[in-house]
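Participant: The following file, start_3.cif, comprises mmCIF, C-alpha atoms:
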```
data_data
loop_
_atom_site.group_PDB
_atom_site.id
_atom_site.type_symbol
_atom_site.label_atom_id
_atom_site.label_comp_id
_atom_site.auth_asym_id
_atom_site.auth_seq_id
_atom_site.Cartn_x
_atom_site.Cartn_y
_atom_site.Cartn_z
ATOM 1 C CA MET A 453 112.249 111.421 85.169
ATOM 2 C CA SER A 454 114.116 114.532 86.141
ATOM 3 C CA ASN A 455 115.609 117.110 83.844
ATOM 4 C CA ALA A 456 118.828 117.390 85.859
ATOM 5 C CA ASN A 457 120.805 115.165 83.470
ATOM 6 C CA HIS A 458 118.990 116.067 80.239
ATOM 7 C CA HIS A 459 120.976 115.254 77.095
ATOM 8 C CA GLU A 460 120.002 116.669 73.690
ATOM 9 C CA SER A 461 122.563 114.434 72.025
ATOM 10 C CA ALA A 462 121.562 111.410 69.988
ATOM 11 C CA THR A 463 124.595 109.534 71.304
ATOM 12 C CA LEU A 464 124.782 107.379 74.387
ATOM 13 C CA PRO A 465 125.529 109.692 77.338
ATOM 14 C CA CYS A 466 127.081 106.985 79.505
ATOM 15 C CA GLU A 467 130.763 106.296 79.490
ATOM 16 C CA ALA A 468 131.924 102.841 78.426
ATOM 17 C CA ALA A 469 133.717 102.390 81.753
ATOM 18 C CA ARG A 470 130.557 103.244 83.695
ATOM 19 C CA PRO A 471 127.504 101.330 82.505
ATOM 20 C CA CYS A 472 124.097 102.844 82.943
ATOM 21 C CA TRP A 473 120.442 101.996 82.591
ATOM 22 C CA TYR A 474 117.809 103.575 80.378
ATOM 23 C CA LEU A 475 114.121 104.189 80.829
ATOM 24 C CA TYR A 476 112.635 104.109 77.336
ATOM 25 C CA LEU A 477 109.317 104.629 75.588
ATOM 26 C CA LEU A 478 108.279 102.856 72.389
ATOM 27 C CA GLU A 479 105.479 103.822 70.049
ATOM 28 C CA CYS A 480 103.857 100.531 69.102
ATOM 29 C CA GLN A 481 101.219 99.586 66.535
ATOM 30 C CA ARG A 482 98.578 99.955 69.231
ATOM 31 C CA GLY A 483 99.734 102.176 72.067
ATOM 32 C CA THR A 484 103.004 102.734 73.878
ATOM 33 C CA TYR A 485 105.392 100.499 75.803
ATOM 34 C CA THR A 486 107.608 101.590 78.696
ATOM 35 C CA GLY A 487 110.641 99.612 79.841
ATOM 36 C CA ILE A 488 114.187 99.729 81.206
ATOM 37 C CA THR A 489 117.408 98.240 79.884
ATOM 38 C CA ASN A 490 121.170 98.501 80.171
ATOM 39 C CA ASN A 491 121.596 97.972 76.399
ATOM 40 C CA LEU A 492 119.142 100.121 74.500
ATOM 41 C CA ALA A 493 120.131 99.096 70.969
ATOM 42 C CA LYS A 494 119.988 95.381 71.766
ATOM 43 C CA ARG A 495 116.678 95.641 73.627
ATOM 44 C CA TYR A 496 115.034 97.713 70.892
ATOM 45 C CA GLN A 497 116.151 95.182 68.280
ATOM 46 C CA ALA A 498 114.711 92.353 70.413
ATOM 47 C CA HIS A 499 111.370 94.172 70.552
ATOM 48 C CA ARG A 500 111.437 94.698 66.778
ATOM 49 C CA MET A 501 112.192 91.028 66.129
ATOM 50 C CA GLY A 502 109.322 89.826 68.326
ATOM 51 C CA LYS A 503 111.635 88.604 71.106
ATOM 52 C CA GLY A 504 110.908 91.343 73.627
ATOM 53 C CA ALA A 505 108.015 91.740 76.019
ATOM 54 C CA ARG A 506 104.681 90.044 75.451
ATOM 55 C CA TYR A 507 103.052 93.398 74.687
ATOM 56 C CA THR A 508 105.534 94.236 71.918
ATOM 57 C CA ARG A 509 105.238 90.749 70.420
ATOM 58 C CA ALA A 510 101.526 91.455 69.907
ATOM 59 C CA ASN A 511 102.003 95.175 69.125
ATOM 60 C CA PRO A 512 105.355 95.599 67.364
ATOM 61 C CA PRO A 513 107.191 98.868 67.936
ATOM 62 C CA VAL A 514 107.249 101.437 65.163
ATOM 63 C CA ALA A 515 109.587 103.945 66.848
ATOM 64 C CA LEU A 516 111.741 104.617 69.874
ATOM 65 C CA LEU A 517 110.236 107.847 71.207
ATOM 66 C CA GLY A 518 112.710 108.626 73.980
ATOM 67 C CA ALA A 519 115.187 107.274 76.491
ATOM 68 C CA GLU A 520 116.462 108.756 79.745
ATOM 69 C CA PRO A 521 119.767 107.525 81.247
ATOM 70 C CA PHE A 522 120.106 106.539 84.905
ATOM 71 C CA GLU A 523 123.145 105.579 86.953
ATOM 72 C CA ASP A 524 121.718 102.266 88.145
ATOM 73 C CA ARG A 525 118.872 99.815 87.722
ATOM 74 C CA ALA A 526 117.110 100.866 90.922
ATOM 75 C CA ALA A 527 116.836 104.500 89.786
ATOM 76 C CA ALA A 528 115.609 103.424 86.340
ATOM 77 C CA SER A 529 113.028 101.104 87.923
ATOM 78 C CA ARG A 530 111.679 103.864 90.159
ATOM 79 C CA ALA A 531 111.343 106.195 87.174
ATOM 80 C CA GLU A 532 109.698 103.420 85.132
ATOM 81 C CA TYR A 533 107.072 102.920 87.829
ATOM 82 C CA LEU A 534 106.271 106.647 87.827
ATOM 83 C CA LEU A 535 106.127 106.870 84.034
ATOM 84 C CA LYS A 536 103.815 103.862 83.806
ATOM 85 C CA GLN A 537 101.315 105.738 85.991
ATOM 86 C CA GLN A 538 101.015 108.451 83.323
ATOM 87 C CA THR A 539 98.542 108.614 80.435
ATOM 88 C CA PRO A 540 99.832 107.836 76.924
ATOM 89 C CA SER A 541 99.820 111.556 76.034
ATOM 90 C CA GLN A 542 101.798 112.386 79.196
ATOM 91 C CA LYS A 543 104.296 109.624 78.310
ATOM 92 C CA ARG A 544 104.726 111.071 74.822
ATOM 93 C CA ARG A 545 105.348 114.527 76.309
ATOM 94 C CA TRP A 546 107.994 112.973 78.596
ATOM 95 C CA ALA A 547 109.656 111.353 75.576
ATOM 96 C CA LYS A 548 109.965 114.716 73.802
ATOM 97 C CA GLN A 549 112.248 115.818 76.658
ATOM 98 C CA TRP A 550 114.502 112.777 76.077
ATOM 99 C CA PRO A 551 114.834 112.378 72.286
ATOM 100 C CA PHE A 552 116.937 109.417 71.277
ATOM 101 C CA ARG A 553 117.950 107.954 67.943
ATOM 102 C CA LEU A 554 119.458 104.567 67.276
ATOM 103 C CA ASP A 555 121.236 103.694 64.062
ATOM 104 C CA ALA A 556 118.673 100.883 63.596
ATOM 105 C CA ASP A 557 115.835 103.420 63.130
#
```
Rewrite the structure from the file as structure tokens, please.

Facilitator:
Amino acid sequence: MSNANHHESATLPCEAARPCWYLYLLECQRGTYTGITNNLAKRYQAHRMGKGARYTRANPPVALLGAEPFEDRAAASRAEYLLKQQTPSQKRRWAKQWPFRLDAD
């Protein structure tokens, strides 16, 4: 959740030869959902199709609000823990710092 590697781009900032992990925030029908993945497009599609987390099966996502890249799963998991401690409004403010668009939107 740092701004050191902030990317304004709507493209994936990780190189194909060097996989990375993403901390992401979804706006759902009732509330927000925070998660991590190493394939953002595939994971978002799974959430949309009702094959993601239990929460998103009951509260389908309406938008991907933001996604921050990390070099490894451990770093993404630590950031996820910290973000999950925040209020929904604080999470939405975080997402504004990490705008992200997928072609599926």

Participant: What does the PyMOL selection byres ((chain A and resi 551) around 7) select in this file, as a VMD selection string?

Facilitator: chain A and resid 460 517 to 519 547 to 550 552 to 553

Participant: In terms of the shortest atom-to-atom distance over all atoms listed in the file, which of A:His499, A:Gly483, A:Tyr476, A:Lys494 is closest to A:Trp546?

Facilitator: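 Answer, going by the shortest atom-to-atom distance: A:Tyr476.
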
Participant: Once the PyMOL selection byres ((chain A and resi 524) around 12) has been evaluated on this model, what residues remain selected, and can you format them as an MDAnalysis selection string?

Facilitator: chainID A and resid 466 470:475 488:490 520:523 525:531

Participant: Ranking A:Pro540, A:Arg482, A:Ala493, A:Tyr533 by minimum distance to A:Leu516 and counting all atoms listed in the file, which one comes first?

Facilitator: A:Ala493

Participant: Find the distance between atom CA of A:Leu477 and atom CA of A:Arg544 and write it in Å to one decimal.

Facilitator: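 Pair atom CA of A:Leu477 / atom CA of A:Arg544 returns 7.9 Å.
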
Participant: To verify the selection step, state as a list in words which residues the PyMOL selection byres ((chain A and resi 513) around 9) yields on this input.

Facilitator: Leu478, Glu479, Cys480, Gln481, Arg482, Thr484, Tyr485, Tyr496, His499, Arg500, Thr508, Arg509, Asn511, Pro512, Val514, Ala515 and Leu516 of chain A
